Amino acid sequence: MADRPDAGELLEAVLEFLATEVLPDATDQRQKFRTLVAMNALGIARRELDSDEETLSAEELRELAARIRAGDVPEDALPILKEHVAAKLRVANPDYLQLYE
Amino acid sequence: MFDVPWAGDLAERLGAEVESMQLLAGGASKEAWAVDAGGERLLVRRAAGGVIHEATLPLEQEFEVLRAAEEAGVRVPHPVAYLGELGGREAFAMQRVEGETIGRRIVRDPPAGLDLQLAEELAKIHAIPPERLPFLTGGEILARFEAELDSVGEAHPAIEYGLAWLRERAPEPLPSVVLHGDFRLGNVVVSERGLEYLLDWEFAHLGDPTEDVAWPIVRAWRFGRDDLRLGGIGEVEPYLERYAELAGREIAVEDLLWWEVLGNLKWAIGSLTQSRRHLNGLERSVELAVLGRLAAEKEYELLDLIARHG
């Protein structure tokens, strides 16, 4: 067990630093854009740490991918895959999923 | 002079005095320099030290594509000169142009007629005789995607599902033409007058014209304006009609779905391979890194398209 701040709290600290000290001072568009991208990356890491999403295991993903590649597409593949990708997006970009509601 | 060791070579090749030069953007594979020389405003594109993206043309060929496009009347920045190697890396000079290229800003208030102008430029590109650019290659697109996906080395059953769906419904291909290869907002320079220039010809290749026609329809290139299917700036029907008038080639609205799914699949795989450029050290960049996680957006969109229309 690590001392505090834990990994999530450290990510949050860096995120706040970027938001309050780096972003307002970004001089050109490109630097501003890259700072926003970096903040987005930290946000993904933060959500991943907090997530208890039940995603398919690496083994299950490999099996399903190989099966589909071989032309043997499971009957219920589409809903299973939609839910699997939705679970990834709840970590990677939850706002994006809302576009489909 | 200017602290750049090849500035003298540049002046010599251009046959003009270099008044100023400034690096605008530098990635691992390409640099862009704003150069003022002999009273002309130039943009010099120069290879960088890193490994070149395998799907892109070498600069000498990209320059030739630009020339062929200009000859065909396509609105492109004037290609000024292929410069050979500058400081050990190839480069070319073209006219430096001004205007808006940021998709998110263009969709906020698109100039009237931009939808039809896109169709007009596309018809001109697709009329370039392929023999004018003998180095361009084509090939079976789904096989290429499958190989690119395999190079990522990560299981993506959603993409496999898309590939299987596409394979089962592959349309009879239209005769191959010269394609821009990345025809969408972001690579279009726009002013209040409308479309000014088409940029970024490095992905030019041969293939079914519908590939270019449908690429700006992909959700990512609507920049948030999802109510307007054509690049967030218009409806597809007038665009397809104008294209058919000029190109003499009918592409029906129903033909677009297959290519829209393919476009999302292409961009999903593209996002994964870009993130690998970061992960394997070819080009360390947080922008590229994060794309590995954002590939899921395109996976979701392709599954949703199939669920709703397929």
# chains A, B, ... in the order shown; residues from 1 in each chain; ligands from 1
$ closest_atom_pairs --of "chain A" --to "chain B" --cutoff "7 Å" --atoms "only C-alpha atoms" --output "Markdown table"
| residue | atom | partner | partner_atom | distance |
| --- | --- | --- | --- | --- |
| A:Arg34 | CA | B:Glu287 | CA | 6.9 |
| A:Val37 | CA | B:Glu287 | CA | 6.2 |
| A:Ala38 | CA | B:Val286 | CA | 6.2 |
| A:Ala41 | CA | B:Val290 | CA | 6.0 |
| A:Leu61 | CA | B:Ala155 | CA | 5.8 |
| A:Arg62 | CA | B:Ala155 | CA | 5.2 |
| A:Leu64 | CA | B:Pro157 | CA | 6.0 |
| A:Ala65 | CA | B:Pro157 | CA | 4.2 |
| A:Ile68 | CA | B:Glu160 | CA | 6.2 |
| A:Arg69 | CA | B:Glu160 | CA | 6.1 |
| A:Leu81 | CA | B:Ala158 | CA | 5.9 |
| A:Lys82 | CA | B:Leu303 | CA | 6.5 |
| A:Val85 | CA | B:Tyr300 | CA | 6.1 |
| A:Lys88 | CA | B:Ala296 | CA | 6.8 |
| A:Leu89 | CA | B:Ala296 | CA | 6.4 |
| A:Ala92 | CA | B:Arg293 | CA | 5.9 |
$ write_last_selection --atoms "C-alpha atoms" --output "mmCIF file, in the first residue's frame"
data_model
loop_
_atom_site.group_PDB
_atom_site.id
_atom_site.type_symbol
_atom_site.label_atom_id
_atom_site.label_comp_id
_atom_site.auth_asym_id
_atom_site.auth_seq_id
_atom_site.Cartn_x
_atom_site.Cartn_y
_atom_site.Cartn_z
ATOM 1 C CA ARG A 34 -1.676 19.706 -26.918
ATOM 2 C CA VAL A 37 -5.005 16.492 -25.238
ATOM 3 C CA ALA A 38 -2.691 15.818 -22.293
ATOM 4 C CA ALA A 41 -5.198 11.544 -21.451
ATOM 5 C CA LEU A 61 -11.330 -10.768 -27.167
ATOM 6 C CA ARG A 62 -8.720 -12.822 -29.039
ATOM 7 C CA LEU A 64 -13.991 -13.661 -30.592
ATOM 8 C CA ALA A 65 -11.758 -11.772 -33.065
ATOM 9 C CA ILE A 68 -15.159 -13.597 -36.678
ATOM 10 C CA ARG A 69 -12.065 -13.469 -38.909
ATOM 11 C CA LEU A 81 -19.670 -5.990 -29.225
ATOM 12 C CA LYS A 82 -21.720 -2.806 -28.830
ATOM 13 C CA VAL A 85 -17.161 -0.963 -26.970
ATOM 14 C CA LYS A 88 -14.430 1.024 -23.267
ATOM 15 C CA LEU A 89 -15.951 4.423 -24.064
ATOM 16 C CA ALA A 92 -12.119 6.647 -22.765
#
$ select_by_dssp --residues "segment 63-205 of chain B" --states "helix (DSSP H, G or I)" --output "JSON, numbers by chain"
{"B": [63, 64, 65, 66, 67, 68, 69, 70, 71, 103, 104, 105, 106, 114, 115, 116, 117, 118, 119, 120, 121, 122, 123, 124, 125, 126, 130, 131, 132, 141, 142, 143, 144, 145, 146, 147, 148, 149, 150, 151, 152, 157, 158, 159, 160, 161, 162, 163, 164, 165, 166, 167, 168]}
$ atom_distance --atom1 "atom CA of Arg308 of chain B" --atom2 "atom CA of Glu83 of chain A"
15.2 Å
$ closest_residue --among "B:Gly194, B:Gly103, B:Pro79, B:Gly181" --to "Leu122 of chain B" --atoms "only C-alpha atoms"
B:Gly181
$ select_by_dssp --residues "segment 40-279 of chain B" --states "strand (DSSP E)" --output "VMD selection string"
chain B and resid 40 to 47 79 to 86 89 to 95 177 to 179 188 to 191 194 to 198 205 to 207
$ atom_distance --atom1 "atom CA of Ile233 of chain B" --atom2 "atom CA of Glu120 of chain B"
15.4 Å
$ closest_residue --among "B:Leu86, B:Val35, B:Leu149, B:Val188" --to "Leu265 of chain B" --atoms "only C-alpha atoms"
B:Leu149
$ residues_around --residues "segment 244-250 of chain B" --least-positions-apart "5" --cutoff "12 Å" --atoms "only C-alpha atoms" --output "MDAnalysis selection string"
chainID B and resid 116:128 174:175 177 208:210 213 237:239 255:256
$ residues_around --residues "Leu15 of chain A" --least-positions-apart "6" --cutoff "12 Å" --atoms "only C-alpha atoms" --output "mmCIF file with N, CA and C atoms, in the first residue's frame"
data_model
loop_
_atom_site.group_PDB
_atom_site.id
_atom_site.type_symbol
_atom_site.label_atom_id
_atom_site.label_comp_id
_atom_site.auth_asym_id
_atom_site.auth_seq_id
_atom_site.Cartn_x
_atom_site.Cartn_y
_atom_site.Cartn_z
ATOM 1 N N GLY A 8 -4.473 7.855 -8.299
ATOM 2 C CA GLY A 8 -5.559 8.706 -8.783
ATOM 3 C C GLY A 8 -5.398 10.141 -8.319
ATOM 4 N N GLU A 9 -4.986 10.296 -7.074
ATOM 5 C CA GLU A 9 -4.807 11.658 -6.537
ATOM 6 C C GLU A 9 -3.632 12.373 -7.201
ATOM 7 N N GLU A 21 -2.411 26.233 -14.477
ATOM 8 C CA GLU A 21 -1.147 26.959 -14.657
ATOM 9 C C GLU A 21 -0.588 26.884 -16.074
ATOM 10 N N VAL A 22 -0.825 25.761 -16.766
ATOM 11 C CA VAL A 22 -0.241 25.635 -18.107
ATOM 12 C C VAL A 22 -1.201 26.157 -19.174
ATOM 13 N N LEU A 23 -2.457 25.694 -19.120
ATOM 14 C CA LEU A 23 -3.426 26.060 -20.155
ATOM 15 C C LEU A 23 -3.624 27.574 -20.298
ATOM 16 N N THR A 35 -2.041 20.740 -24.768
ATOM 17 C CA THR A 35 -2.311 20.716 -23.327
ATOM 18 C C THR A 35 -3.672 20.084 -23.062
ATOM 19 N N LEU A 36 -4.659 20.442 -23.878
ATOM 20 C CA LEU A 36 -5.990 19.848 -23.727
ATOM 21 C C LEU A 36 -5.944 18.331 -23.968
ATOM 22 N N VAL A 37 -5.142 17.925 -24.954
ATOM 23 C CA VAL A 37 -5.005 16.492 -25.238
ATOM 24 C C VAL A 37 -4.370 15.787 -24.034
ATOM 25 N N ALA A 38 -3.364 16.411 -23.459
ATOM 26 C CA ALA A 38 -2.691 15.818 -22.293
ATOM 27 C C ALA A 38 -3.659 15.699 -21.120
ATOM 28 N N MET A 39 -4.490 16.724 -20.931
ATOM 29 C CA MET A 39 -5.486 16.680 -19.852
ATOM 30 C C MET A 39 -6.492 15.563 -20.107
ATOM 31 N N ASN A 40 -6.869 15.405 -21.368
ATOM 32 C CA ASN A 40 -7.792 14.336 -21.740
ATOM 33 C C ASN A 40 -7.176 12.968 -21.412
ATOM 34 N N ALA A 41 -5.892 12.810 -21.724
ATOM 35 C CA ALA A 41 -5.198 11.544 -21.451
ATOM 36 C C ALA A 41 -5.210 11.241 -19.951
ATOM 37 N N LEU A 42 -4.947 12.258 -19.143
ATOM 38 C CA LEU A 42 -4.961 12.052 -17.686
ATOM 39 C C LEU A 42 -6.369 11.711 -17.201
ATOM 40 N N GLY A 43 -7.369 12.320 -17.814
ATOM 41 C CA GLY A 43 -8.764 12.031 -17.457
ATOM 42 C C GLY A 43 -9.102 10.566 -17.723
ATOM 43 N N ILE A 44 -8.615 10.034 -18.851
ATOM 44 C CA ILE A 44 -8.852 8.622 -19.183
ATOM 45 C C ILE A 44 -8.204 7.738 -18.114
ATOM 46 N N ALA A 45 -6.966 8.062 -17.780
ATOM 47 C CA ALA A 45 -6.251 7.268 -16.772
ATOM 48 C C ALA A 45 -6.985 7.316 -15.428
ATOM 49 N N ARG A 46 -7.488 8.501 -15.076
ATOM 50 C CA ARG A 46 -8.215 8.684 -13.817
ATOM 51 C C ARG A 46 -9.483 7.812 -13.798
#
$ atom_distance --atom1 "atom CA of Leu185 of chain B" --atom2 "atom CA of Gly231 of chain B"
6.6 Å
$ closest_residue --among "A:Ala70, A:Leu18, A:Ala58, A:Arg4" --to "Gln31 of chain A" --atoms "only C-alpha atoms"
A:Leu18
